[in-house]
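All remarks here apply to the structure that follows.
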Amino acid sequence: MIKDLVKRVTPLPHNSKLLILGAGFSGQHIAALARELGIKVICSRRSNEKPGADCVFNSSTQTVPSKSTLNNVTHLLSCIPPNADGEDPVLLSLKKQIENMPLRWVGYLSTTGVYGDCKGKWVDESYIPKPGLSRSKRRLACEKAWQNSGLPVQILRLPGIYGPGRSAIENIKKGNSKMINKPGQVFSRIHIDDIAGAIFHLINLAENGQKPNIINVADNLPSTNIDVMRFAASLLNTSLPPVEQFETAANNMSPMALSFWQENRRVSNQMLCKELGYSLLHPDYQSGLKDCFLQSK
Ligand SMILES: NC(=O)c1ccc[n+]([C@@H]2O[C@H](COP(=O)([O-])OP(=O)(O)OC[C@H]3O[C@@H](n4cnc5c(N)ncnc54)[C@H](OP(=O)(O)O)[C@@H]3O)[C@@H](O)[C@H]2O)c1
């Protein structure tokens, strides 16, 4: 919960201005924490009718924020995925404007999909990415574009993002619960509170000269889909459908859903939590789902 994070996070210097490009699920939560910390924050969405839109940025229609919106931005966070050609929408449409900002930190939300299939092994940031899926190849191309941009960029690699409003709690409530058994298959996860908390922890470290280029932001406990569903059902005090074997369930899965089951990895957070000293608010899915459950009531 944001109020629990506020106590743990050091605010930024008073003249800071944070621009969040692509303030969807994660971006809105990060903005909420920034506002609680008294930081000036501006969020873009593709339409100003969407909740929380302070300005419009849409690379597909070449709609960019006004000059005054982009003035004096000191911290920039992009939460926007690659376009269909594997280009980064922000660098494609706003690079010149960004180069003129007095930036002290730039964050790019990427995915741990860039590592590819690791056959269930632990992967840290030293692992050389071998993306298997086309969307992960496009993502790696964007990471490289940001790294070569000359900007003070930090790349955050995220596994499955969940939080209040988007979790196993909602899946069960909507009747979308699936119990799929694929022996040995686990998924790593991160609660949006810890994306927000880690970002301000990292910005503060960067202000003091400690800024690794790439950081995994994941919780401590990669786990099976079944364990997560069972725990969510226990919180809701409800029953679940019978377990289906993956081979059977795969026949009715969309190509997108199927692609998630093709890769198996355990994402290590040792750099974030041991070397850089970030303390997770939700170290595992039990803690995170309890929060989602409490906030869904
Ligand atoms: N969901 C996951 O489990 C997961 C896991 C790992 C990494 N990621 C990545 O982490 C980032 C944040 O995830 P999220 O779940 O918070 O994403 P999200 O809610 O889907 O937000 C994505 C944002 O990008 C904006 N956007 C998309 N295409 C754009 C374009 N061409 N021009 C301008 N804006 C554009 C969207 O605009 P609107 O607000 O107008 O829709 C939205 O604000 C994303 O890059 C996502 O791919 C997600």
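Going through the structure tokens in order, the chains are called A, B, and so on, while each chain numbers its residues from 1 and the ligands are numbered from 1 in the order shown.
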*Exercise answer, 7 Å around ligand 1 with only C-alpha atoms and all ligand atoms, as a ChimeraX atom specification*: /A:21-27,44-47,50,57-60,79-81,83,89,109-112,157-162
Kindly export the residues of the current selection with N, CA and C atoms, as an mmCIF file, in the first residue's frame.
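This went into part.cif:
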data_model
loop_
_atom_site.group_PDB
_atom_site.id
_atom_site.type_symbol
_atom_site.label_atom_id
_atom_site.label_comp_id
_atom_site.auth_asym_id
_atom_site.auth_seq_id
_atom_site.Cartn_x
_atom_site.Cartn_y
_atom_site.Cartn_z
ATOM 1 N N LEU A 21 6.144 8.717 -18.813
ATOM 2 C CA LEU A 21 5.566 8.512 -20.142
ATOM 3 C C LEU A 21 4.945 7.126 -20.183
ATOM 4 N N GLY A 22 3.637 7.063 -20.473
ATOM 5 C CA GLY A 22 2.926 5.781 -20.484
ATOM 6 C C GLY A 22 2.497 5.388 -19.081
ATOM 7 N N ALA A 23 1.712 6.281 -18.468
ATOM 8 C CA ALA A 23 1.298 6.032 -17.078
ATOM 9 C C ALA A 23 0.034 5.170 -17.060
ATOM 10 N N GLY A 24 0.220 3.891 -17.342
ATOM 11 C CA GLY A 24 -0.859 2.912 -17.245
ATOM 12 C C GLY A 24 -0.865 2.328 -15.843
ATOM 13 N N PHE A 25 -0.921 1.002 -15.754
ATOM 14 C CA PHE A 25 -1.050 0.338 -14.449
ATOM 15 C C PHE A 25 0.126 0.681 -13.526
ATOM 16 N N SER A 26 1.347 0.445 -13.976
ATOM 17 C CA SER A 26 2.507 0.722 -13.107
ATOM 18 C C SER A 26 2.724 2.224 -12.954
ATOM 19 N N GLY A 27 2.662 2.933 -14.073
ATOM 20 C CA GLY A 27 2.964 4.365 -14.060
ATOM 21 C C GLY A 27 2.065 5.144 -13.106
ATOM 22 N N SER A 44 1.854 10.967 -18.836
ATOM 23 C CA SER A 44 1.256 10.944 -20.182
ATOM 24 C C SER A 44 0.450 9.679 -20.388
ATOM 25 N N ARG A 45 -0.645 9.838 -21.169
ATOM 26 C CA ARG A 45 -1.382 8.689 -21.691
ATOM 27 C C ARG A 45 -1.680 9.000 -23.155
ATOM 28 N N ARG A 46 -2.279 8.045 -23.880
ATOM 29 C CA ARG A 46 -2.521 8.300 -25.303
ATOM 30 C C ARG A 46 -3.763 9.139 -25.555
ATOM 31 N N SER A 47 -4.540 9.350 -24.511
ATOM 32 C CA SER A 47 -5.716 10.212 -24.662
ATOM 33 C C SER A 47 -5.909 10.937 -23.346
ATOM 34 N N LYS A 50 -8.248 9.464 -20.552
ATOM 35 C CA LYS A 50 -7.915 8.332 -19.673
ATOM 36 C C LYS A 50 -7.573 8.827 -18.268
ATOM 37 N N PHE A 57 0.726 11.790 -24.911
ATOM 38 C CA PHE A 57 1.827 11.381 -25.796
ATOM 39 C C PHE A 57 1.366 10.116 -26.498
ATOM 40 N N ASN A 58 1.378 10.176 -27.846
ATOM 41 C CA ASN A 58 1.010 8.997 -28.629
ATOM 42 C C ASN A 58 1.917 8.959 -29.839
ATOM 43 N N SER A 59 2.858 8.029 -29.837
ATOM 44 C CA SER A 59 3.836 7.993 -30.931
ATOM 45 C C SER A 59 3.171 7.612 -32.248
ATOM 46 N N SER A 60 2.044 6.900 -32.189
ATOM 47 C CA SER A 60 1.386 6.470 -33.436
ATOM 48 C C SER A 60 0.771 7.650 -34.186
ATOM 49 N N CYS A 79 7.377 3.857 -19.430
ATOM 50 C CA CYS A 79 6.698 2.568 -19.188
ATOM 51 C C CYS A 79 6.081 2.065 -20.492
ATOM 52 N N ILE A 80 6.548 2.595 -21.620
ATOM 53 C CA ILE A 80 5.897 2.309 -22.915
ATOM 54 C C ILE A 80 6.597 1.139 -23.617
ATOM 55 N N PRO A 81 5.821 0.132 -24.045
ATOM 56 C CA PRO A 81 6.457 -1.020 -24.714
ATOM 57 C C PRO A 81 6.928 -0.661 -26.125
ATOM 58 N N ASN A 83 7.288 -0.509 -30.214
ATOM 59 C CA ASN A 83 6.258 -0.558 -31.255
ATOM 60 C C ASN A 83 6.428 -1.849 -32.074
ATOM 61 N N PRO A 89 9.041 3.875 -28.806
ATOM 62 C CA PRO A 89 8.170 5.010 -29.140
ATOM 63 C C PRO A 89 8.692 6.345 -28.607
ATOM 64 N N LEU A 109 11.243 0.865 -18.060
ATOM 65 C CA LEU A 109 10.669 -0.402 -17.595
ATOM 66 C C LEU A 109 10.729 -1.430 -18.722
ATOM 67 N N SER A 110 11.546 -2.462 -18.513
ATOM 68 C CA SER A 110 11.698 -3.531 -19.506
ATOM 69 C C SER A 110 11.119 -4.818 -18.916
ATOM 70 N N THR A 111 11.402 -5.940 -19.551
ATOM 71 C CA THR A 111 10.873 -7.203 -19.035
ATOM 72 C C THR A 111 11.981 -8.247 -18.912
ATOM 73 N N THR A 112 11.744 -9.198 -18.017
ATOM 74 C CA THR A 112 12.694 -10.300 -17.866
ATOM 75 C C THR A 112 12.542 -11.297 -19.017
ATOM 76 N N ARG A 157 14.350 -4.526 -15.258
ATOM 77 C CA ARG A 157 13.735 -5.698 -15.895
ATOM 78 C C ARG A 157 12.704 -6.298 -14.928
ATOM 79 N N LEU A 158 11.455 -6.346 -15.393
ATOM 80 C CA LEU A 158 10.346 -6.767 -14.537
ATOM 81 C C LEU A 158 9.764 -8.095 -15.000
ATOM 82 N N PRO A 159 9.410 -8.986 -14.053
ATOM 83 C CA PRO A 159 8.639 -10.186 -14.403
ATOM 84 C C PRO A 159 7.150 -9.835 -14.372
ATOM 85 N N GLY A 160 6.256 -10.807 -14.149
ATOM 86 C CA GLY A 160 4.809 -10.549 -14.162
ATOM 87 C C GLY A 160 4.425 -9.502 -13.128
ATOM 88 N N ILE A 161 3.781 -8.434 -13.586
ATOM 89 C CA ILE A 161 3.388 -7.342 -12.680
ATOM 90 C C ILE A 161 1.973 -7.612 -12.170
ATOM 91 N N TYR A 162 1.791 -7.499 -10.855
ATOM 92 C CA TYR A 162 0.437 -7.611 -10.314
ATOM 93 C C TYR A 162 0.260 -6.577 -9.205
#
Might you pull out every residue within 6 Å of Ala232 in chain A, with only C-alpha atoms counted and same-chain residues fewer than 3 positions away left off, and present them as a tab-separated table (two decimals) with N, CA and C atoms, in the first residue's frame?
chain	number	residue	atom	x	y	z
A	169	ILE	N	-6.71	-12.50	-7.50
A	169	ILE	CA	-7.97	-12.20	-6.79
A	169	ILE	C	-9.05	-11.82	-7.82
A	229	MET	N	-2.93	-19.47	-7.26
A	229	MET	CA	-4.40	-19.54	-7.33
A	229	MET	C	-4.96	-20.10	-6.02
A	235	LEU	N	-7.92	-16.85	0.43
A	235	LEU	CA	-8.27	-15.51	0.94
A	235	LEU	C	-9.73	-15.19	0.66
*Out of range 60-150 of chain A, which residues get strand (DSSP E) from DSSP, as a list in words?*
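The residues of range 60-150 of chain A classed as strand (DSSP E) are His75, Leu76, Leu77, Ser78, Trp105, Val106, Gly107, Tyr108, Leu109, Ser110, Thr111, Trp122 and Val123 of chain A.
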_Spatial neighbours of Ala257 in chain A, 12 Å, only C-alpha atoms, chain gap at least 6 places, as a list in words_ =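 Neighbouring residues, sequence-local ones excluded: Lys178, Ile180, Phe246, Ala249, Ala250, Asn251 and Glu263 of chain A.
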*DSSP on the backbone: what in range 200-294 of chain A comes out alpha helix (DSSP H), as a VMD selection string?*
chain A and resid 200 to 207 225 to 236 246 to 249 255 to 261 270 285 to 294
*Compare A:Ser93, A:Gly165, A:Lys297, A:Pro212 by their minimum atom-to-atom distance to Thr61 in chain A, counting only C-alpha atoms, and give me the closest one.*
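Among A:Ser93, A:Gly165, A:Lys297, A:Pro212, it is A:Ser93 that comes nearest to Thr61 in chain A.
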*asked:* Need to verify the contact set: range 138-151 of chain A, 9 Å, only C-alpha atoms, exclusion of same-chain residues closer than 3 positions in sequence. Can you return it as a list of chain:residue names?
replied: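 Near range 138-151 of chain A, the qualifying residues are A:Pro81, A:Pro82, A:Asn83, A:Ala84, A:Asp85, A:Gly86, A:Glu87, A:Asp88, A:Leu91, A:Lys95, A:Ile98, A:Glu99, A:Leu103, A:Arg104, A:Trp105, A:Val106, A:Tyr108, A:Ser110, A:Thr111, A:Gly113, A:Val114, A:Pro129, A:Pro131, A:Leu133, A:Ser134, A:Arg135, A:Gln154, A:Ile155, A:Asn213.
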Writer output for current selection, N, CA and C atoms, as a PDB file, in the first residue's frame:
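The result, stored in again_9.pdb:
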ATOM      1  N   PRO A  81       5.821   0.132 -24.045  1.00  0.00           N
ATOM      2  CA  PRO A  81       6.457  -1.020 -24.714  1.00  0.00           C
ATOM      3  C   PRO A  81       6.928  -0.661 -26.125  1.00  0.00           C
ATOM      4  N   PRO A  82       7.744  -1.521 -26.729  1.00  0.00           N
ATOM      5  CA  PRO A  82       8.232  -1.271 -28.093  1.00  0.00           C
ATOM      6  C   PRO A  82       7.081  -1.203 -29.087  1.00  0.00           C
ATOM      7  N   ASN A  83       7.288  -0.509 -30.214  1.00  0.00           N
ATOM      8  CA  ASN A  83       6.258  -0.558 -31.255  1.00  0.00           C
ATOM      9  C   ASN A  83       6.428  -1.849 -32.074  1.00  0.00           C
ATOM     10  N   ALA A  84       5.555  -2.032 -33.051  1.00  0.00           N
ATOM     11  CA  ALA A  84       5.537  -3.304 -33.795  1.00  0.00           C
ATOM     12  C   ALA A  84       6.834  -3.540 -34.571  1.00  0.00           C
ATOM     13  N   ASP A  85       7.590  -2.452 -34.861  1.00  0.00           N
ATOM     14  CA  ASP A  85       8.853  -2.616 -35.598  1.00  0.00           C
ATOM     15  C   ASP A  85      10.049  -2.782 -34.665  1.00  0.00           C
ATOM     16  N   GLY A  86       9.782  -2.826 -33.354  1.00  0.00           N
ATOM     17  CA  GLY A  86      10.889  -2.993 -32.405  1.00  0.00           C
ATOM     18  C   GLY A  86      11.594  -1.682 -32.094  1.00  0.00           C
ATOM     19  N   GLU A  87      10.937  -0.558 -32.462  1.00  0.00           N
ATOM     20  CA  GLU A  87      11.540   0.734 -32.129  1.00  0.00           C
ATOM     21  C   GLU A  87      10.923   1.245 -30.836  1.00  0.00           C
ATOM     22  N   ASP A  88      11.688   2.076 -30.136  1.00  0.00           N
ATOM     23  CA  ASP A  88      11.163   2.621 -28.889  1.00  0.00           C
ATOM     24  C   ASP A  88      10.341   3.876 -29.191  1.00  0.00           C
ATOM     25  N   LEU A  91      11.970   7.239 -27.841  1.00  0.00           N
ATOM     26  CA  LEU A  91      13.180   7.695 -28.535  1.00  0.00           C
ATOM     27  C   LEU A  91      12.856   8.098 -29.975  1.00  0.00           C
ATOM     28  N   LYS A  95      13.224  12.147 -28.817  1.00  0.00           N
ATOM     29  CA  LYS A  95      14.643  12.108 -28.426  1.00  0.00           C
ATOM     30  C   LYS A  95      15.240  13.518 -28.309  1.00  0.00           C
ATOM     31  N   ILE A  98      14.086  15.322 -25.283  1.00  0.00           N
ATOM     32  CA  ILE A  98      14.642  14.717 -24.063  1.00  0.00           C
ATOM     33  C   ILE A  98      16.102  15.132 -23.869  1.00  0.00           C
ATOM     34  N   GLU A  99      16.824  15.213 -24.985  1.00  0.00           N
ATOM     35  CA  GLU A  99      18.243  15.591 -24.882  1.00  0.00           C
ATOM     36  C   GLU A  99      18.422  16.995 -24.311  1.00  0.00           C
ATOM     37  N   LEU A 103      18.271  16.330 -17.270  1.00  0.00           N
ATOM     38  CA  LEU A 103      17.953  15.038 -16.646  1.00  0.00           C
ATOM     39  C   LEU A 103      19.039  14.531 -15.703  1.00  0.00           C
ATOM     40  N   ARG A 104      18.603  14.097 -14.545  1.00  0.00           N
ATOM     41  CA  ARG A 104      19.538  13.480 -13.584  1.00  0.00           C
ATOM     42  C   ARG A 104      19.375  11.966 -13.566  1.00  0.00           C
ATOM     43  N   TRP A 105      18.217  11.483 -14.024  1.00  0.00           N
ATOM     44  CA  TRP A 105      17.950  10.025 -14.018  1.00  0.00           C
ATOM     45  C   TRP A 105      16.880   9.729 -15.059  1.00  0.00           C
ATOM     46  N   VAL A 106      17.092   8.609 -15.776  1.00  0.00           N
ATOM     47  CA  VAL A 106      16.087   8.126 -16.735  1.00  0.00           C
ATOM     48  C   VAL A 106      15.863   6.648 -16.445  1.00  0.00           C
ATOM     49  N   TYR A 108      13.827   3.036 -17.521  1.00  0.00           N
ATOM     50  CA  TYR A 108      13.092   2.361 -18.602  1.00  0.00           C
ATOM     51  C   TYR A 108      12.569   1.031 -18.061  1.00  0.00           C
ATOM     52  N   SER A 110      11.546  -2.462 -18.513  1.00  0.00           N
ATOM     53  CA  SER A 110      11.698  -3.531 -19.506  1.00  0.00           C
ATOM     54  C   SER A 110      11.119  -4.818 -18.916  1.00  0.00           C
ATOM     55  N   THR A 111      11.402  -5.940 -19.551  1.00  0.00           N
ATOM     56  CA  THR A 111      10.873  -7.203 -19.035  1.00  0.00           C
ATOM     57  C   THR A 111      11.981  -8.247 -18.912  1.00  0.00           C
ATOM     58  N   GLY A 113      11.557 -11.045 -19.895  1.00  0.00           N
ATOM     59  CA  GLY A 113      11.412 -11.860 -21.110  1.00  0.00           C
ATOM     60  C   GLY A 113      12.674 -11.806 -21.973  1.00  0.00           C
ATOM     61  N   VAL A 114      13.468 -10.745 -21.833  1.00  0.00           N
ATOM     62  CA  VAL A 114      14.694 -10.644 -22.659  1.00  0.00           C
ATOM     63  C   VAL A 114      15.667 -11.797 -22.367  1.00  0.00           C
ATOM     64  N   PRO A 129      21.319 -12.034 -22.353  1.00  0.00           N
ATOM     65  CA  PRO A 129      19.959 -12.252 -22.848  1.00  0.00           C
ATOM     66  C   PRO A 129      19.930 -13.077 -24.124  1.00  0.00           C
ATOM     67  N   PRO A 131      16.693 -13.756 -25.991  1.00  0.00           N
ATOM     68  CA  PRO A 131      15.236 -13.739 -26.153  1.00  0.00           C
ATOM     69  C   PRO A 131      14.779 -14.710 -27.232  1.00  0.00           C
ATOM     70  N   LEU A 133      11.137 -15.116 -27.864  1.00  0.00           N
ATOM     71  CA  LEU A 133       9.889 -14.610 -28.441  1.00  0.00           C
ATOM     72  C   LEU A 133      10.150 -13.308 -29.197  1.00  0.00           C
ATOM     73  N   SER A 134       9.349 -13.097 -30.276  1.00  0.00           N
ATOM     74  CA  SER A 134       9.589 -11.867 -31.073  1.00  0.00           C
ATOM     75  C   SER A 134       9.427 -10.625 -30.223  1.00  0.00           C
ATOM     76  N   ARG A 135       8.424 -10.606 -29.317  1.00  0.00           N
ATOM     77  CA  ARG A 135       8.220  -9.378 -28.526  1.00  0.00           C
ATOM     78  C   ARG A 135       9.414  -9.121 -27.600  1.00  0.00           C
ATOM     79  N   GLN A 154      18.758   3.930 -16.551  1.00  0.00           N
ATOM     80  CA  GLN A 154      18.783   2.710 -15.758  1.00  0.00           C
ATOM     81  C   GLN A 154      17.633   1.832 -16.257  1.00  0.00           C
ATOM     82  N   ILE A 155      17.953   0.578 -16.577  1.00  0.00           N
ATOM     83  CA  ILE A 155      16.925  -0.325 -17.110  1.00  0.00           C
ATOM     84  C   ILE A 155      16.449  -1.251 -16.003  1.00  0.00           C
ATOM     85  N   ASN A 213      23.581  -0.263 -14.571  1.00  0.00           N
ATOM     86  CA  ASN A 213      22.805   0.001 -15.792  1.00  0.00           C
ATOM     87  C   ASN A 213      21.519  -0.806 -15.864  1.00  0.00           C
TER      88      ASN A 213
END
_Nearby residues (only C-alpha atoms) at most 12 Å from Arg35 in chain A, same-chain spacing under 4 positions excluded, as a list in words_ =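 Answer for this query is Ile2, Lys3, Val6, Pro11, Leu12, Ser16, Lys17, Leu18, Gln28, His29, Ile30, Ala31, Ile39, Lys40, Val41, Ile42, Cys43 and Ala196 of chain A.
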Taking N, CA and C atoms for each residue, export the selection above as a compact mmCIF listing (two decimals), in the first residue's frame.
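See result-v7.txt below for the written result:
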# COMPACT_ATOMS: atom_id res chain seq x y z
N ILE A 2 0.46 2.28 -0.75
CA ILE A 2 1.28 3.49 -0.88
C ILE A 2 1.68 4.03 0.49
N LYS A 3 0.74 4.04 1.44
CA LYS A 3 1.05 4.67 2.74
C LYS A 3 2.18 3.91 3.47
N VAL A 6 5.51 5.17 1.76
CA VAL A 6 5.91 6.55 2.03
C VAL A 6 6.89 6.61 3.20
N PRO A 11 12.35 11.20 -0.05
CA PRO A 11 11.87 12.04 -1.16
C PRO A 11 13.03 12.56 -2.02
N LEU A 12 12.74 13.08 -3.20
CA LEU A 12 13.79 13.63 -4.07
C LEU A 12 14.00 15.11 -3.72
N SER A 16 12.83 18.78 -8.02
CA SER A 16 12.72 17.68 -8.98
C SER A 16 11.37 17.73 -9.70
N LYS A 17 11.40 17.29 -10.96
CA LYS A 17 10.14 17.16 -11.74
C LYS A 17 10.22 15.83 -12.47
N LEU A 18 9.28 14.97 -12.17
CA LEU A 18 9.28 13.61 -12.75
C LEU A 18 8.24 13.54 -13.87
N GLN A 28 0.77 4.79 -13.07
CA GLN A 28 -0.15 5.52 -12.16
C GLN A 28 0.22 5.27 -10.70
N HIS A 29 0.68 4.07 -10.41
CA HIS A 29 1.03 3.74 -9.03
C HIS A 29 2.32 4.48 -8.61
N ILE A 30 3.27 4.53 -9.53
CA ILE A 30 4.52 5.24 -9.26
C ILE A 30 4.22 6.73 -9.06
N ALA A 31 3.32 7.25 -9.90
CA ALA A 31 2.92 8.68 -9.78
C ALA A 31 2.25 8.93 -8.43
N ILE A 39 6.58 15.14 -4.64
CA ILE A 39 7.37 15.38 -5.86
C ILE A 39 6.42 15.84 -6.96
N LYS A 40 6.87 16.81 -7.74
CA LYS A 40 6.06 17.27 -8.88
C LYS A 40 6.11 16.18 -9.94
N VAL A 41 4.94 15.69 -10.39
CA VAL A 41 4.93 14.59 -11.36
C VAL A 41 3.91 14.86 -12.45
N ILE A 42 4.30 14.50 -13.68
CA ILE A 42 3.40 14.67 -14.84
C ILE A 42 3.31 13.33 -15.55
N CYS A 43 2.08 12.91 -15.86
CA CYS A 43 1.87 11.60 -16.49
C CYS A 43 1.31 11.76 -17.90
N ALA A 196 7.30 0.67 -7.53
CA ALA A 196 7.35 2.09 -7.13
C ALA A 196 8.44 2.32 -6.07
Spatial neighbours of Pro183 in chain A, max dist 12 Å, only C-alpha atoms, sep filter under 6 positions, as a compact mmCIF listing (two decimals) with N, CA and C atoms, in the first residue's frame:
# COMPACT_ATOMS: atom_id res chain seq x y z
N LYS A 119 15.17 -22.63 -18.64
CA LYS A 119 14.90 -24.00 -18.14
C LYS A 119 14.74 -24.02 -16.61
N GLY A 120 14.12 -22.98 -16.08
CA GLY A 120 13.83 -22.94 -14.64
C GLY A 120 14.99 -22.50 -13.77
N SER A 223 7.09 -18.97 -8.30
CA SER A 223 6.20 -20.04 -7.84
C SER A 223 5.25 -20.47 -8.95
N THR A 224 4.56 -21.58 -8.69
CA THR A 224 3.67 -22.12 -9.72
C THR A 224 2.38 -21.32 -9.74
N ASN A 225 1.72 -21.40 -10.88
CA ASN A 225 0.41 -20.78 -11.04
C ASN A 225 -0.59 -21.38 -10.04
N ILE A 226 -0.47 -22.67 -9.83
CA ILE A 226 -1.42 -23.37 -8.94
C ILE A 226 -1.27 -22.88 -7.50
N GLU A 244 -5.94 -28.93 -14.45
CA GLU A 244 -5.84 -29.46 -15.82
C GLU A 244 -4.36 -29.64 -16.14
N GLN A 245 -4.04 -30.66 -16.90
CA GLN A 245 -2.64 -30.81 -17.32
C GLN A 245 -2.36 -29.81 -18.45
N PHE A 246 -1.14 -29.30 -18.48
CA PHE A 246 -0.79 -28.28 -19.46
C PHE A 246 -1.08 -28.75 -20.89
N GLU A 247 -0.74 -29.99 -21.21
CA GLU A 247 -0.91 -30.50 -22.58
C GLU A 247 -2.36 -30.37 -23.04
N TRP A 261 3.90 -19.80 -21.25
CA TRP A 261 4.22 -21.13 -20.72
C TRP A 261 5.42 -21.77 -21.42
N ASN A 264 10.68 -20.64 -18.89
CA ASN A 264 10.72 -20.97 -17.47
C ASN A 264 11.99 -20.39 -16.86
*Can you tell me how far CA of Ala168 in chain A sits from CA of Gly132 in chain A, in Å to one decimal?*
26.5 Å
*One decimal, Å: what's the distance from CA of Leu76 in chain A over to CA of Phe200 in chain A, could you say?*
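A separation of 12.0 Å between them.
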_Restricting the calculation to only C-alpha atoms: of A:Val123, A:Val64, A:Leu289, A:Ile192, which residue gets closest to Leu94 in chain A?_
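Using only C-alpha atoms, Leu94 in chain A sits closest to A:Val64.
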*Nearby residues (only C-alpha atoms) at most 12 Å from Phe293 in chain A, same-chain spacing under 3 positions excluded, as a list in words*: Met1, Gly163, Pro164, Gly165, Arg166, Ser167, Ala168, Ile169, Glu170, Asn171, Ile172, Lys173, Phe231, Ala232, Ala233, Ser234, Leu235, Leu236, Asn237, Tyr285, Gln286, Ser287, Gly288, Leu289, Lys290, Ser296 and Lys297 of chain A
Print the selection's residues with N, CA and C atoms to a file, as an mmCIF file, in the first residue's frame.
data_model
loop_
_atom_site.group_PDB
_atom_site.id
_atom_site.type_symbol
_atom_site.label_atom_id
_atom_site.label_comp_id
_atom_site.auth_asym_id
_atom_site.auth_seq_id
_atom_site.Cartn_x
_atom_site.Cartn_y
_atom_site.Cartn_z
ATOM 1 N N MET A 1 0.841 -1.186 0.000
ATOM 2 C CA MET A 1 0.000 0.000 0.000
ATOM 3 C C MET A 1 0.886 1.249 0.000
ATOM 4 N N GLY A 163 -0.982 -6.391 -8.817
ATOM 5 C CA GLY A 163 -1.271 -5.434 -7.753
ATOM 6 C C GLY A 163 -2.780 -5.302 -7.636
ATOM 7 N N PRO A 164 -3.246 -4.441 -6.725
ATOM 8 C CA PRO A 164 -4.693 -4.268 -6.554
ATOM 9 C C PRO A 164 -5.361 -3.951 -7.894
ATOM 10 N N GLY A 165 -6.391 -4.702 -8.226
ATOM 11 C CA GLY A 165 -7.098 -4.486 -9.497
ATOM 12 C C GLY A 165 -6.595 -5.381 -10.620
ATOM 13 N N ARG A 166 -5.416 -5.977 -10.459
ATOM 14 C CA ARG A 166 -4.891 -6.882 -11.503
ATOM 15 C C ARG A 166 -4.093 -8.003 -10.837
ATOM 16 N N SER A 167 -4.840 -9.048 -10.418
ATOM 17 C CA SER A 167 -4.167 -10.144 -9.730
ATOM 18 C C SER A 167 -5.043 -11.392 -9.783
ATOM 19 N N ALA A 168 -4.550 -12.465 -9.169
ATOM 20 C CA ALA A 168 -5.326 -13.711 -9.106
ATOM 21 C C ALA A 168 -6.663 -13.498 -8.384
ATOM 22 N N ILE A 169 -6.709 -12.499 -7.497
ATOM 23 C CA ILE A 169 -7.971 -12.198 -6.787
ATOM 24 C C ILE A 169 -9.048 -11.823 -7.818
ATOM 25 N N GLU A 170 -8.696 -10.916 -8.748
ATOM 26 C CA GLU A 170 -9.678 -10.490 -9.769
ATOM 27 C C GLU A 170 -9.985 -11.654 -10.716
ATOM 28 N N ASN A 171 -8.956 -12.434 -11.081
ATOM 29 C CA ASN A 171 -9.209 -13.567 -11.999
ATOM 30 C C ASN A 171 -10.256 -14.507 -11.412
ATOM 31 N N ILE A 172 -10.120 -14.789 -10.123
ATOM 32 C CA ILE A 172 -11.082 -15.701 -9.492
ATOM 33 C C ILE A 172 -12.461 -15.048 -9.433
ATOM 34 N N LYS A 173 -12.493 -13.770 -9.042
ATOM 35 C CA LYS A 173 -13.785 -13.076 -8.944
ATOM 36 C C LYS A 173 -14.501 -13.037 -10.289
ATOM 37 N N PHE A 231 -3.706 -19.912 -3.036
ATOM 38 C CA PHE A 231 -3.611 -18.926 -1.956
ATOM 39 C C PHE A 231 -4.687 -17.842 -2.122
ATOM 40 N N ALA A 232 -4.871 -17.386 -3.370
ATOM 41 C CA ALA A 232 -5.900 -16.354 -3.619
ATOM 42 C C ALA A 232 -7.280 -16.904 -3.254
ATOM 43 N N ALA A 233 -7.549 -18.155 -3.618
ATOM 44 C CA ALA A 233 -8.860 -18.757 -3.319
ATOM 45 C C ALA A 233 -9.062 -18.883 -1.812
ATOM 46 N N SER A 234 -7.973 -19.159 -1.082
ATOM 47 C CA SER A 234 -8.114 -19.284 0.375
ATOM 48 C C SER A 234 -8.466 -17.923 0.986
ATOM 49 N N LEU A 235 -7.920 -16.850 0.435
ATOM 50 C CA LEU A 235 -8.266 -15.512 0.943
ATOM 51 C C LEU A 235 -9.732 -15.193 0.663
ATOM 52 N N LEU A 236 -10.199 -15.622 -0.503
ATOM 53 C CA LEU A 236 -11.589 -15.343 -0.896
ATOM 54 C C LEU A 236 -12.561 -16.357 -0.323
ATOM 55 N N ASN A 237 -11.997 -17.385 0.298
ATOM 56 C CA ASN A 237 -12.809 -18.456 0.873
ATOM 57 C C ASN A 237 -13.730 -19.077 -0.196
ATOM 58 N N TYR A 285 4.324 -13.834 -3.108
ATOM 59 C CA TYR A 285 2.939 -13.645 -3.573
ATOM 60 C C TYR A 285 1.931 -13.674 -2.425
ATOM 61 N N GLN A 286 2.282 -14.350 -1.304
ATOM 62 C CA GLN A 286 1.325 -14.369 -0.183
ATOM 63 C C GLN A 286 1.118 -12.949 0.353
ATOM 64 N N SER A 287 2.227 -12.267 0.608
ATOM 65 C CA SER A 287 2.135 -10.896 1.113
ATOM 66 C C SER A 287 1.430 -9.999 0.086
ATOM 67 N N GLY A 288 1.817 -10.137 -1.175
ATOM 68 C CA GLY A 288 1.245 -9.281 -2.225
ATOM 69 C C GLY A 288 -0.240 -9.526 -2.419
ATOM 70 N N LEU A 289 -0.643 -10.800 -2.392
ATOM 71 C CA LEU A 289 -2.068 -11.097 -2.608
ATOM 72 C C LEU A 289 -2.924 -10.665 -1.420
ATOM 73 N N LYS A 290 -2.347 -10.727 -0.219
ATOM 74 C CA LYS A 290 -3.116 -10.239 0.943
ATOM 75 C C LYS A 290 -3.447 -8.762 0.739
ATOM 76 N N SER A 296 -9.360 -4.936 -2.342
ATOM 77 C CA SER A 296 -10.489 -5.252 -3.246
ATOM 78 C C SER A 296 -11.816 -5.245 -2.495
ATOM 79 N N LYS A 297 -11.715 -5.116 -1.152
ATOM 80 C CA LYS A 297 -12.961 -5.217 -0.367
ATOM 81 C C LYS A 297 -13.782 -3.930 -0.409
#
